[in-house]
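Next comes start32.cif, a file with mmCIF, C-alpha atoms and all ligand atoms.
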data_final
loop_
_atom_site.label_atom_id
_atom_site.label_comp_id
_atom_site.auth_asym_id
_atom_site.auth_seq_id
_atom_site.Cartn_x
_atom_site.Cartn_y
_atom_site.Cartn_z
CA MET A 1 -9.78 -0.57 -4.47
CA GLN A 2 -8.07 1.99 -2.28
CA LYS A 3 -5.17 3.16 -4.46
CA LYS A 4 -1.77 3.33 -2.80
CA LYS A 5 0.32 6.32 -3.74
CA LEU A 6 4.03 6.22 -4.47
CA LEU A 7 6.00 9.46 -4.68
CA PHE A 8 9.54 9.33 -6.05
CA VAL A 9 11.39 12.52 -5.13
CA ALA A 10 14.24 12.71 -7.63
CA ALA A 11 17.00 15.20 -8.16
CA HIS A 12 16.90 14.88 -11.96
CA PRO A 13 14.61 13.68 -14.72
CA ASP A 14 15.76 10.00 -15.21
CA ASP A 15 16.74 9.31 -11.57
CA ALA A 16 13.38 7.70 -10.77
CA GLU A 17 13.79 5.30 -13.70
CA PHE A 18 17.38 4.39 -12.87
CA CYS A 19 16.78 4.03 -9.12
CA ALA A 20 13.28 2.57 -8.94
CA GLY A 21 11.95 1.97 -12.45
CA GLY A 22 11.07 -1.63 -11.57
CA LEU A 23 9.20 -0.64 -8.43
CA ILE A 24 7.38 2.10 -10.34
CA SER A 25 6.42 -0.36 -13.09
CA ALA A 26 5.18 -2.96 -10.58
CA TRP A 27 3.24 -0.28 -8.69
CA SER A 28 1.61 1.04 -11.83
CA LYS A 29 0.77 -2.41 -13.27
CA ALA A 30 -1.02 -3.23 -10.02
CA GLY A 31 -3.27 -0.21 -10.65
CA HIS A 32 -1.85 2.07 -7.97
CA SER A 33 -0.81 5.72 -8.33
CA VAL A 34 2.68 7.01 -9.01
CA LYS A 35 4.05 10.52 -9.01
CA ILE A 36 7.56 11.44 -10.09
CA LEU A 37 8.77 14.74 -8.70
CA CYS A 38 12.06 16.09 -10.09
CA LEU A 39 13.53 18.88 -7.99
CA THR A 40 15.79 20.13 -10.80
CA ASN A 41 15.14 20.54 -14.50
CA GLY A 42 18.29 18.66 -15.49
CA ASN A 43 19.62 21.57 -17.53
CA ALA A 44 23.30 20.73 -16.99
CA GLY A 45 23.22 17.13 -18.17
CA HIS A 46 24.74 17.56 -21.60
CA HIS A 47 28.02 18.36 -23.33
CA GLN A 48 26.57 20.38 -26.25
CA MET A 49 23.08 21.70 -25.54
CA LEU A 50 22.43 25.00 -23.82
CA ALA A 51 20.58 25.03 -20.52
CA ASP A 52 17.13 26.26 -21.58
CA GLU A 53 16.93 24.09 -24.66
CA LEU A 54 18.09 21.08 -22.66
CA ALA A 55 15.57 21.69 -19.87
CA ARG A 56 12.76 21.77 -22.44
CA ARG A 57 13.97 18.61 -24.15
CA ARG A 58 14.38 16.77 -20.86
CA ALA A 59 10.88 17.77 -19.74
CA LYS A 60 9.48 16.18 -22.90
CA GLU A 61 11.57 13.05 -22.39
CA ALA A 62 10.44 12.73 -18.78
CA ARG A 63 6.81 13.18 -19.82
CA LEU A 64 7.06 10.41 -22.42
CA SER A 65 8.67 8.12 -19.87
CA ALA A 66 6.07 8.88 -17.19
CA GLU A 67 3.27 8.19 -19.69
CA ILE A 68 4.51 4.60 -20.10
CA VAL A 69 3.60 3.87 -16.48
CA ASP A 70 0.78 6.40 -16.29
CA ALA A 71 2.68 8.40 -13.67
CA GLU A 72 2.03 11.99 -12.72
CA LEU A 73 5.10 14.15 -13.36
CA GLU A 74 6.24 17.42 -11.81
CA ILE A 75 9.54 19.13 -12.57
CA TRP A 76 10.70 22.11 -10.57
CA ASP A 77 12.52 24.93 -12.30
CA GLN A 78 15.70 24.59 -10.29
CA ALA A 79 19.06 24.57 -12.06
CA ASP A 80 20.81 21.22 -12.35
CA GLY A 81 23.95 21.09 -10.21
CA GLU A 82 22.84 23.96 -7.99
CA LEU A 83 20.20 22.42 -5.74
CA VAL A 84 20.48 23.40 -2.09
CA ALA A 85 18.36 22.22 0.81
CA SER A 86 16.95 25.69 1.50
CA ILE A 87 14.03 26.56 3.75
CA ALA A 88 12.09 27.82 0.72
CA LEU A 89 12.45 24.50 -1.11
CA ARG A 90 11.72 22.56 2.07
CA LYS A 91 8.41 24.43 2.37
CA GLN A 92 7.65 23.84 -1.30
CA LEU A 93 8.33 20.13 -0.83
CA ILE A 94 6.17 19.91 2.29
CA GLY A 95 3.29 21.47 0.36
CA CYS A 96 3.83 19.10 -2.55
CA ILE A 97 3.97 15.98 -0.36
CA ARG A 98 0.87 17.01 1.58
CA ALA A 99 -1.05 17.72 -1.63
CA PHE A 100 -0.25 14.27 -3.09
CA ALA A 101 -0.50 12.47 0.30
CA PRO A 102 1.70 9.50 -0.59
CA ASP A 103 1.73 6.19 1.27
CA LEU A 104 5.34 5.73 0.32
CA ILE A 105 8.11 8.18 -0.60
CA VAL A 106 11.31 7.01 -2.28
CA THR A 107 14.33 9.27 -2.64
CA HIS A 108 18.12 9.39 -2.63
CA ARG A 109 20.41 8.85 0.34
CA VAL A 110 22.33 11.86 1.61
CA ALA A 111 25.59 9.95 0.99
CA ASP A 112 25.87 10.11 -2.79
CA TYR A 113 28.32 11.42 -5.36
CA HIS A 114 25.99 14.07 -6.79
CA PRO A 115 25.32 17.24 -4.77
CA ASP A 116 21.76 17.43 -6.14
CA HIS A 117 21.06 13.87 -4.97
CA ARG A 118 22.40 14.77 -1.54
CA ALA A 119 20.32 17.97 -1.39
CA THR A 120 17.22 16.04 -2.49
CA GLY A 121 17.72 13.39 0.20
CA GLN A 122 18.33 16.17 2.72
CA LEU A 123 15.16 18.04 1.69
CA VAL A 124 13.03 14.92 2.12
CA GLN A 125 14.68 14.18 5.45
CA ASP A 126 14.19 17.80 6.60
CA SER A 127 10.54 17.76 5.55
CA ALA A 128 9.65 14.43 7.16
CA TYR A 129 8.80 15.40 10.74
CA LEU A 130 7.35 18.75 9.67
CA LEU A 131 4.72 17.08 7.48
CA GLN A 132 2.69 16.62 10.66
CA VAL A 133 3.20 20.14 12.04
CA PRO A 134 0.21 22.37 11.16
CA ALA A 135 2.02 25.66 11.77
CA ILE A 136 4.51 24.85 8.99
CA VAL A 137 3.11 25.59 5.49
CA PRO A 138 -0.37 26.18 6.94
CA GLU A 139 -1.98 26.50 3.49
CA HIS A 140 -1.72 22.70 3.18
CA ALA A 141 -3.29 20.69 6.01
CA ALA A 142 -0.79 18.74 8.09
CA MET A 143 -0.63 15.01 7.37
CA GLN A 144 -2.47 12.77 9.79
CA ARG A 145 -0.54 9.69 8.75
CA MET A 146 3.16 9.75 8.01
CA PRO A 147 4.21 8.13 4.76
CA ALA A 148 6.98 5.55 4.92
CA ILE A 149 10.22 6.82 3.41
CA LEU A 150 12.63 4.56 1.52
CA LEU A 151 16.07 5.38 0.17
CA ALA A 152 17.02 3.92 -3.18
CA TYR A 153 20.06 1.69 -3.53
CA ASP A 154 23.43 3.23 -4.30
CA ARG A 155 26.95 1.81 -4.34
CA PHE A 156 28.54 4.27 -1.93
CA GLN A 157 30.35 2.84 1.10
CA ASP A 158 31.18 5.94 3.13
CA PRO A 159 30.00 6.53 5.85
CA ARG A 160 28.31 3.13 5.50
CA PRO A 161 26.94 0.96 2.71
CA HIS A 162 23.27 1.03 1.73
CA ARG A 163 21.10 -1.36 3.77
CA LEU A 164 19.02 -3.66 1.61
CA ASP A 165 15.92 -3.54 3.81
CA TRP A 166 13.40 -4.17 1.03
CA VAL A 167 14.37 -6.05 -2.09
CA VAL A 168 12.07 -6.02 -5.10
CA ASP A 169 12.48 -8.66 -7.80
CA THR A 170 12.31 -6.63 -11.01
CA LYS A 171 12.79 -9.32 -13.67
CA ASN A 172 9.27 -8.85 -15.06
CA HIS A 173 9.73 -5.09 -15.34
CA ILE A 174 13.06 -4.82 -17.11
CA GLU A 175 11.53 -4.18 -20.54
CA THR A 176 9.26 -1.44 -19.17
CA VAL A 177 12.18 0.26 -17.45
CA LEU A 178 14.25 0.06 -20.63
CA SER A 179 11.40 1.66 -22.59
CA MET A 180 11.20 4.43 -20.02
CA LEU A 181 14.94 5.01 -20.04
CA ALA A 182 15.02 5.06 -23.84
CA CYS A 183 12.77 8.14 -23.65
CA HIS A 184 15.63 9.99 -21.94
CA GLN A 185 17.63 10.24 -25.15
CA THR A 186 19.71 13.23 -24.10
CA GLN A 187 20.98 11.14 -21.21
CA VAL A 188 21.18 7.50 -22.19
CA PHE A 189 22.32 7.99 -25.78
CA GLU A 190 24.19 11.30 -25.59
CA TRP A 191 25.42 12.60 -22.24
CA LEU A 192 26.03 9.42 -20.22
CA PRO A 193 28.10 7.69 -22.92
CA LYS A 194 30.06 10.94 -23.34
CA ILE A 195 30.89 11.42 -19.67
CA MET A 196 31.60 7.71 -19.22
CA ARG A 197 33.79 7.73 -22.32
CA MET A 198 31.85 4.94 -23.95
CA THR A 199 30.98 4.62 -27.61
CA VAL A 200 27.39 4.06 -28.61
CA HIS A 201 26.98 2.74 -32.13
CA THR A 202 23.96 4.27 -33.76
CA ASP A 203 22.72 0.89 -35.00
CA ASN A 204 22.87 -0.63 -31.51
CA LYS A 205 21.63 2.08 -29.16
CA LYS A 206 19.06 -0.15 -27.46
CA GLY A 207 21.64 -2.90 -27.02
CA TRP A 208 24.00 -0.46 -25.35
CA LEU A 209 21.29 0.84 -23.05
CA ARG A 210 20.29 -2.70 -22.04
CA LYS A 211 23.87 -3.60 -21.14
CA PHE A 212 24.46 -0.31 -19.32
CA TYR A 213 21.20 -0.41 -17.34
CA LEU A 214 21.25 -4.10 -16.39
CA ALA A 215 24.57 -3.84 -14.56
CA LYS A 216 22.88 -2.23 -11.55
CA PRO A 217 19.83 -4.53 -11.06
CA LYS A 218 22.21 -7.49 -11.53
CA ALA A 219 24.57 -6.12 -8.86
CA VAL A 220 21.66 -5.46 -6.50
CA ALA A 221 20.35 -9.02 -7.02
CA LYS A 222 23.79 -10.38 -6.24
CA ALA A 223 24.12 -8.21 -3.13
CA ALA A 224 20.62 -9.25 -2.01
CA SER A 225 21.39 -12.93 -2.52
CA SER A 226 24.59 -12.71 -0.53
CA ALA A 227 22.71 -10.90 2.27
CA GLY A 228 20.85 -14.25 2.46
CA ALA A 229 18.89 -15.20 5.54
CA SER A 230 19.17 -11.78 7.13
CA ASN A 231 17.00 -10.46 4.35
CA PRO A 232 13.69 -12.33 4.08
CA SER A 233 12.71 -10.52 0.88
CA ALA A 234 15.77 -11.88 -0.87
CA GLU A 235 15.10 -15.56 -0.31
CA THR A 236 14.59 -16.17 -3.99
CA ALA A 237 17.65 -18.16 -5.02
CA ASP A 238 17.21 -17.26 -8.67
CA LEU A 239 16.98 -13.53 -8.11
CA ALA A 240 18.49 -12.13 -11.31
CA PHE A 241 17.43 -8.47 -11.31
CA ALA A 242 16.43 -6.47 -8.30
CA GLU A 243 16.03 -3.05 -6.78
CA ALA A 244 16.71 -2.47 -3.11
CA PHE A 245 15.58 0.16 -0.66
CA GLU A 246 16.67 1.25 2.79
CA VAL A 247 14.03 2.25 5.32
CA SER A 248 14.47 5.80 6.62
CA GLU A 249 13.83 6.07 10.32
CA TYR A 250 12.35 9.53 9.77
CA GLY A 251 9.40 8.21 7.80
CA GLY A 252 6.28 6.45 9.03
CA ARG A 253 6.40 2.74 9.85
CA PHE A 254 7.29 0.67 6.79
CA ASP A 255 5.48 -2.65 6.55
CA PRO A 256 6.20 -4.50 3.27
CA SER A 257 2.85 -6.29 3.56
CA ASP A 258 1.14 -2.91 2.96
CA PHE A 259 2.65 -3.07 -0.50
CA ASN A 260 2.55 -6.82 -1.19
CA PHE A 261 1.01 -6.14 -4.61
CA VAL A 262 4.55 -5.26 -5.69
CA ASP A 263 5.77 -8.81 -5.03
CA LYS A 264 2.57 -10.41 -6.32
CA ASN A 265 3.04 -8.57 -9.57
CA ASN A 266 6.37 -10.29 -10.17
ZN ZN A 301 20.56 12.29 -10.84
#
For the file at hand, write its structure as structure tokens.
Amino acid sequence: MQKKKLLFVAAHPDDAEFCAGGLISAWSKAGHSVKILCLTNGNAGHHQMLADELARRRAKEARLSAEIVDAELEIWDQADGELVASIALRKQLIGCIRAFAPDLIVTHRVADYHPDHRATGQLVQDSAYLLQVPAIVPEHAAMQRMPAILLAYDRFQDPRPHRLDWVVDTKNHIETVLSMLACHQTQVFEWLPKIMRMTVHTDNKKGWLRKFYLAKPKAVAKAASSAGASNPSAETADLAFAEAFEVSEYGGRFDPSDFNFVDKNN
């Protein structure tokens, strides 16, 4: 079998799981290759821990999570909250994408509340065309075939809402995603409840995480169902949990049938 390669370009360790954990699980269970690339080390995502200690802890958490789906993991040593779409990082990203040669890249939209998510989306967008240009980052051969680029669902409305171009039914992957997310203890049990002013009872951590996580795939399923006939992937009337992706016009042609193992695996 020719393995298909999925590259999630994330701003932070845990973004891939929150944005596309179901897709990653489906991809991996079908025997295809996944790489999670985090452009920052996540060293600002805590209310008590110091940056270096946190970065080390988050790297371990991300590794444990990636192991669940047998994903390759790479974390860049960029400070959390300070990512900028620089030429240096663009070149680094071009080299990284060429070396992995993905069939599909998933990343953030450039309209997003977090500056690191925006910078990550911008870096992928800025790299896209240049992947084929041999004179740019000549130490890595230019790509002969452009990967498709998808942008993970977000709730932001300005300047326009996310387009649900590809909807993935994730009901059979919820438990895997929850196991992955539970690895990110500094986030799901410490920092996120703190910043969201929510109380997590120590005897019901998993229950809290389930409730917190499921809100998004439920909302996406609802949005996909109401998109109705205009969205052939969302025909399933009983869609309960879903992830949705917008096709970036800067990537190669996206044909869902190239990745039909994702649907078959549901
Ligand atoms: Zn993030």
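Environment of ligand ZN 301 (chain A), defined as every protein or nucleic acid residue with an atom within 6 Å of it and counting all atoms listed in the file, comprises Ala11, His12 and Asp15 of chain A.
The interatomic distance for the pair atom CA of A:Arg145 and atom CA of A:Gly252 works out to 7.6 Å.
Distances from A:Cys19, A:Met143, A:Leu130, A:Val168 to A:Ala101 were compared using all atoms listed in the file, and the smallest one belongs to A:Met143.
Excluding A:His201 itself and any same-chain residue fewer than 6 positions from it, the protein and nucleic acid residues within 10 Å of it, counting all atoms listed in the file, are A:Phe189, A:Gly207, A:Trp208.
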Within 8 Å of stretch 45-52 of chain A using only C-alpha atoms, minus same-chain residues under 6 positions, as a tab-separated table (two decimals) with C-alpha atoms, keeping the file's coordinate frame:
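What ended up in selection.tsv:
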chain	number	residue	atom	x	y	z
A	80	ASP	CA	20.81	21.22	-12.35
A	186	THR	CA	19.71	13.23	-24.10
A	187	GLN	CA	20.98	11.14	-21.21
A	190	GLU	CA	24.19	11.30	-25.59
A	191	TRP	CA	25.42	12.60	-22.24
A	194	LYS	CA	30.06	10.94	-23.34
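Comparing the minimum interatomic distances between A:Lys206 and each of A:Gln185, A:Ser225, A:Ser28, A:Asn41, counting only C-alpha atoms, we find that A:Gln185 sits nearest.
Around A:Phe8, within 7 Å and counting only C-alpha atoms, the residues found are Ala16, Lys35, Ile36, Leu37, Ile105, Val106 and Thr107 of chain A, once anything fewer than 4 positions away on its own chain is removed.
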Within 8 Å of A:Val69, counting all atoms listed in the file, which residues qualify if same-chain residues fewer than 4 places away don't, as a list in words? Ile24, Ser25, Ser28, Lys29 and Ser65 of chain A
For A:Leu151, the closest of A:Ala242, A:Ala135, A:Ala111, A:Cys183 counting all atoms listed in the file is A:Ala111
